[in-house]
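Asker: Structure below; questions to follow.
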Amino acid sequence: MAYQPKSYRKFVATAATATLVATAVTPAFAAETGAAASFTDVPERYKEAVDYLVDNKITLGVSEDKFGTTQSIKRVDAAVMIAKALEIEIADRPDSGFTDVPERAVAYVDALKAEGIINGKTATTFGSEQSITRGEIALILANAYDLNGTSDKQFSDVSSRYADAVEALVAAGITKGKTDTTFGTTDAITRGEFAIFLHRAELLPIEKTPAVTSASAVAGQEAVTISGKVANASTASIVILDSNGQEVYDQDVTVSEDGSFTRTINLPVGNYVYEVRAIEGEEVSEVKAGNFSVTALNAEVVSANAANAKEVKVVFNKAVDKTTAENPANYTVAITGATAPVSGLTADLQADGRTVILSAAGGADIFTNGNAYTVEVKNVLSKDLSKVVDFKTATLNYFDNTVPTVVSSELNGSNVRVYFNEPVTNVTLKVDGGVVLPSSSTLSSTNVDGQYYVEVPATTDTSKAGNHSVTVYGATDGDGNTLQVSATQYTVLADTVAPSVVSVTPESSNVFDVKVSEKLAVVPTFEVKKGGVIFPITATNVAVDPDDPTGLTYEVTVPTTGTGGYNLYGTNENTAALSVKITNIKDNSNLTGAEYNGTVTLTKDAVGPKVLSANTNTVSASGVISVKFDENISLVDASKVKVYKNGILLSATPSVTGPTDTLTITLPSTEAGTVATYNVRLEPGAVEDASGNDNVTLATTAAYTDSTKIAATVTTPATNQFQVAYASTTDLTTSATSASNYTLDGKPLPTGTTLDFAGDKKTVLITLPTETVSTSTAGILQISKNVVNTAGQYVANADDTLEGGSVTLTDNVKPVLQSGKFVDADTNNRAESVELTFSENVSATAANDFEFTVNGAKVTPDTVTVSGGKVVAAFTTTANQVNTAQALVVKVLPTADQTGGTGQVMDTQDAAGNKLTASTTITVNTVK
């Protein structure tokens, strides 16, 4: 790292912890490390300083036994020593401009000049060979070690140029001067004096001022990672401000030993400023700040798999919309071999907002051991109503041979409850060694929000404060795995604190929230008044807030009309100040809380209804558009609802039935089943909410997409050519001619394969290149679901598996001559024949396909035939026989070089008719 002022620099306290660069200062001679005593010219006064400099390789002696204690020191040598002591970064520094610095010291002088620690004698000379004075050393050390103290000591020989530096050295205890009245400013400093000065400077205590040395922000999808490094601090403070300057995050982070820190923070989409400060005790550094932008997290499924025999667990990467997440039609669980997907599913969004549990009707088993299955998720929206990417698992396998386990037990209200890790049946239990419960039946678990429990009524004894034992018997999961017996316990704490109302806060124009300190045994009683008018609160007006996982919040809905027919909001009133009395506040220990009396002010809804999102709009196959709003609406003026298709106004009939948040628009009958996107426009006053607020101008879209899959028929009209005919009502896109969307026997199509539309854009012709099929056989061509038509439909079988078909593959690889052997039946070193082997068996041949030469002279076989897929060239005439001591060269002749010239053909071929590869040459020199 670059040189830092003393406030930030890590100094070397002892020789044992020093890590300084070892580079000799020339001229000098090495002395034994840590052995300044071996120098004959180092008095006791200098020994500690010389030891420090030598041991840390800041300097060496002037000879093997001399340190040169009383000798002067050149400016260049002093510069090198100071740079080494500071551990200053010397690489890639700008040129100092000094022309008189020896090569060995250039990097050190450049670095000191760049840091403002030294100056030259002139702009171009450093005065390298001149002896450095005590005054010059004072200036350099004051700069290098950031010394700025004051002293009362006065020296008569210190000019104004040196005064501050000398005073700082004296204040730091580095020197006391030559005498009481003189510093020796112009005297050449000796090597011994310089050693003492530098040693004392190195060991000065450092004021560790906190500082942020680096900070950065790496933002992504709905999160940012702030990282960096601080110096002289144990804590980094991270503050984040939004685009309005509002603080959205303020946390301290404990830094690691080297001062580094990192913190990932989840944030909504937007632009932000981060501020980082280093903190040590009461000291806080200057701020280091920067900007970043957070983008939206693409909503997607993280996992989907069997949780147990009865449930499928689907996990999303962000909170999802409750309506679409709990729509069973958006999930398909298919068991391999079953005639249809699992029916009667229910979907339950868990308290975390990101997990959905799928279960079958009546708690029936979905899986049995050995099942292979897939899970598909479609049409789910995130909580911000963006579309979750459609998801389908690969084929998964289900097998469970593990017995269920007891997770915990507790006193829950008036029941003893035992939790398991999965749904169970056939459970009995006893508490505190009592009788087995139930006495004449067994228990099956209640399965709620991923929790599985059984419970029995608690008695006075099993509800007392203290520890209670529970023994569980026979818990059996959906796969028949049985927990024979298990022991657990629960603790009841002595409850002496009565429940209380923590807060009463408004939620909407007619709803307020009541938060209590603990779970209650019964729903409290509410009395709500506006002045003297009572607004009756019955059991139907009070519900536990489903968004509060603690179960401590009640939602209280206030009727719009009170006694005497008075409205909640009077004429021209925008707020309603209500008095709230809450009684009957009882916990499970039968402790009664004090009556609560307070007030809450509700604010009248003054905002018109808004369309939730285009993603929540639907179009049915019969041509009915459904537009979802953020609140219940009424239709005010049907003429202000307009529907356009391709810019053309359609005749559409809007309607709203009952208290609902959905506007229904019936399209002309000709639009039924039409794949299209419709633009819906609502002029001001088309609809209104329950408070009479009209909509402003609203525009949204709704699209109908045909979910029918595109079938494909695959044929082989010519050799190694496949035709794919798509049963599509509209043209296929270019995805149909992309080789990456097809596989042949599970592998990518061979390089060089061509794909073209043939006749229309619903038929594709696929042609394999030559030299790609080595064996004539059958194969399977499969088509990716990425192949789509202009209506957005994709190619697949009705069960959503990959479409494709069987094709005929024909060998189109030419045989190649590979080797040959002499055949010498009588071992007289004369071959009666030569056997030629090819890359595959050949079925036909002719003599003029080959040329045989020995030592450059042609030899002619008597016959050339095929035997066992090999070519045998026979030399039956004694004169033609080849001596096996000589090499026989065999060449496959191109047709133009064959006997007879033009019109010749390659007769040697494989069973598929692929001609032998020409111009191949082999040498035969072994005997079979």
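How things are named: the first chain in the structure tokens is A, the next is B, and so on; residues count from 1 in each chain; ligands count from 1 in the order shown.
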Ala594 of chain A: which residues within 8 Å, counting only C-alpha atoms, same-chain residues fewer than 2 positions away excluded, as a PDB file with C-alpha atoms, in the first residue's frame?

Answerer:
ATOM      1  CA  ALA A 498     -51.794 -10.082  33.110  1.00  0.00           C
ATOM      2  CA  PRO A 499     -52.213  -9.457  29.399  1.00  0.00           C
ATOM      3  CA  SER A 500     -52.519  -5.914  28.136  1.00  0.00           C
ATOM      4  CA  THR A 583     -62.584  -5.585  28.039  1.00  0.00           C
ATOM      5  CA  ILE A 585     -58.750  -9.447  28.067  1.00  0.00           C
ATOM      6  CA  THR A 592     -57.460 -10.793  33.278  1.00  0.00           C
ATOM      7  CA  TYR A 596     -58.330  -0.469  27.956  1.00  0.00           C
TER       8      TYR A 596
END

Asker: If we count only C-alpha atoms, what is near Gly673 of chain A at a cut-off of 8 Å, once residues fewer than 6 positions away on the same chain are taken out, given as a list in words?

Answerer: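 Once the nearby chain positions are removed, what remains is Ser620, Ala621, Ser622, Gly623, Tyr704 and Asp706 of chain A.
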
Asker: Taking N, CA and C atoms for each residue, export the selection above as a short mmCIF file (atom, residue, chain, number, x, y, z; two decimals), in the first residue's frame.

Answerer:
data_model
loop_
_atom_site.label_atom_id
_atom_site.label_comp_id
_atom_site.auth_asym_id
_atom_site.auth_seq_id
_atom_site.Cartn_x
_atom_site.Cartn_y
_atom_site.Cartn_z
N SER A 620 -60.80 -15.10 -20.54
CA SER A 620 -61.24 -16.50 -20.61
C SER A 620 -61.35 -16.94 -22.06
N ALA A 621 -61.41 -18.26 -22.26
CA ALA A 621 -61.54 -18.81 -23.60
C ALA A 621 -62.85 -18.37 -24.25
N SER A 622 -63.86 -18.03 -23.44
CA SER A 622 -65.15 -17.59 -23.98
C SER A 622 -65.16 -16.11 -24.30
N GLY A 623 -64.04 -15.41 -24.05
CA GLY A 623 -63.94 -14.01 -24.41
C GLY A 623 -64.42 -13.05 -23.35
N TYR A 704 -55.07 -13.02 -24.00
CA TYR A 704 -55.50 -14.42 -24.06
C TYR A 704 -54.45 -15.22 -24.81
N ASP A 706 -53.40 -19.19 -25.93
CA ASP A 706 -53.89 -20.56 -26.04
C ASP A 706 -52.85 -21.48 -25.42
#

Asker: Which of these, A:Thr733, A:Val675, A:Gly608, A:Phe420, has the shortest distance to Thr697 of chain A once you count only C-alpha atoms?

Answerer: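 When distances to Thr697 of chain A are compared using only C-alpha atoms, the smallest one comes from A:Gly608.
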
Asker: Can you tell me how far atom CA of Thr920 of chain A sits from atom CA of Gln898 of chain A, in Å to one decimal?

Answerer: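 Pair atom CA of Thr920 of chain A / atom CA of Gln898 of chain A returns 13.9 Å.
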
Asker: Counting only C-alpha atoms, which residues in segment 278-316 of chain A sit no more than 9 Å from segment 371-384 of chain A? For each one, give the nearest pair of atoms and the distance in Å, sorted by chain then residue number, as CSV.

Answerer:
residue,atom,partner,partner_atom,distance
A:Ala299,CA,A:Ser382,CA,6.3
A:Glu300,CA,A:Ser382,CA,8.6
A:Val301,CA,A:Val377,CA,8.0
A:Ala304,CA,A:Val375,CA,6.4
A:Asn305,CA,A:Val375,CA,7.0
A:Val312,CA,A:Val375,CA,8.5
A:Val314,CA,A:Val377,CA,8.6
A:Phe316,CA,A:Ser382,CA,8.9

Asker: May I have the residues within 9 Å of segment 115-119 of chain A as a VMD selection string, using only C-alpha atoms and disregarding those fewer than 3 positions away in the same chain?

Answerer: chain A and resid 2 to 4 79 109 to 112 122 to 123 126 139 to 144
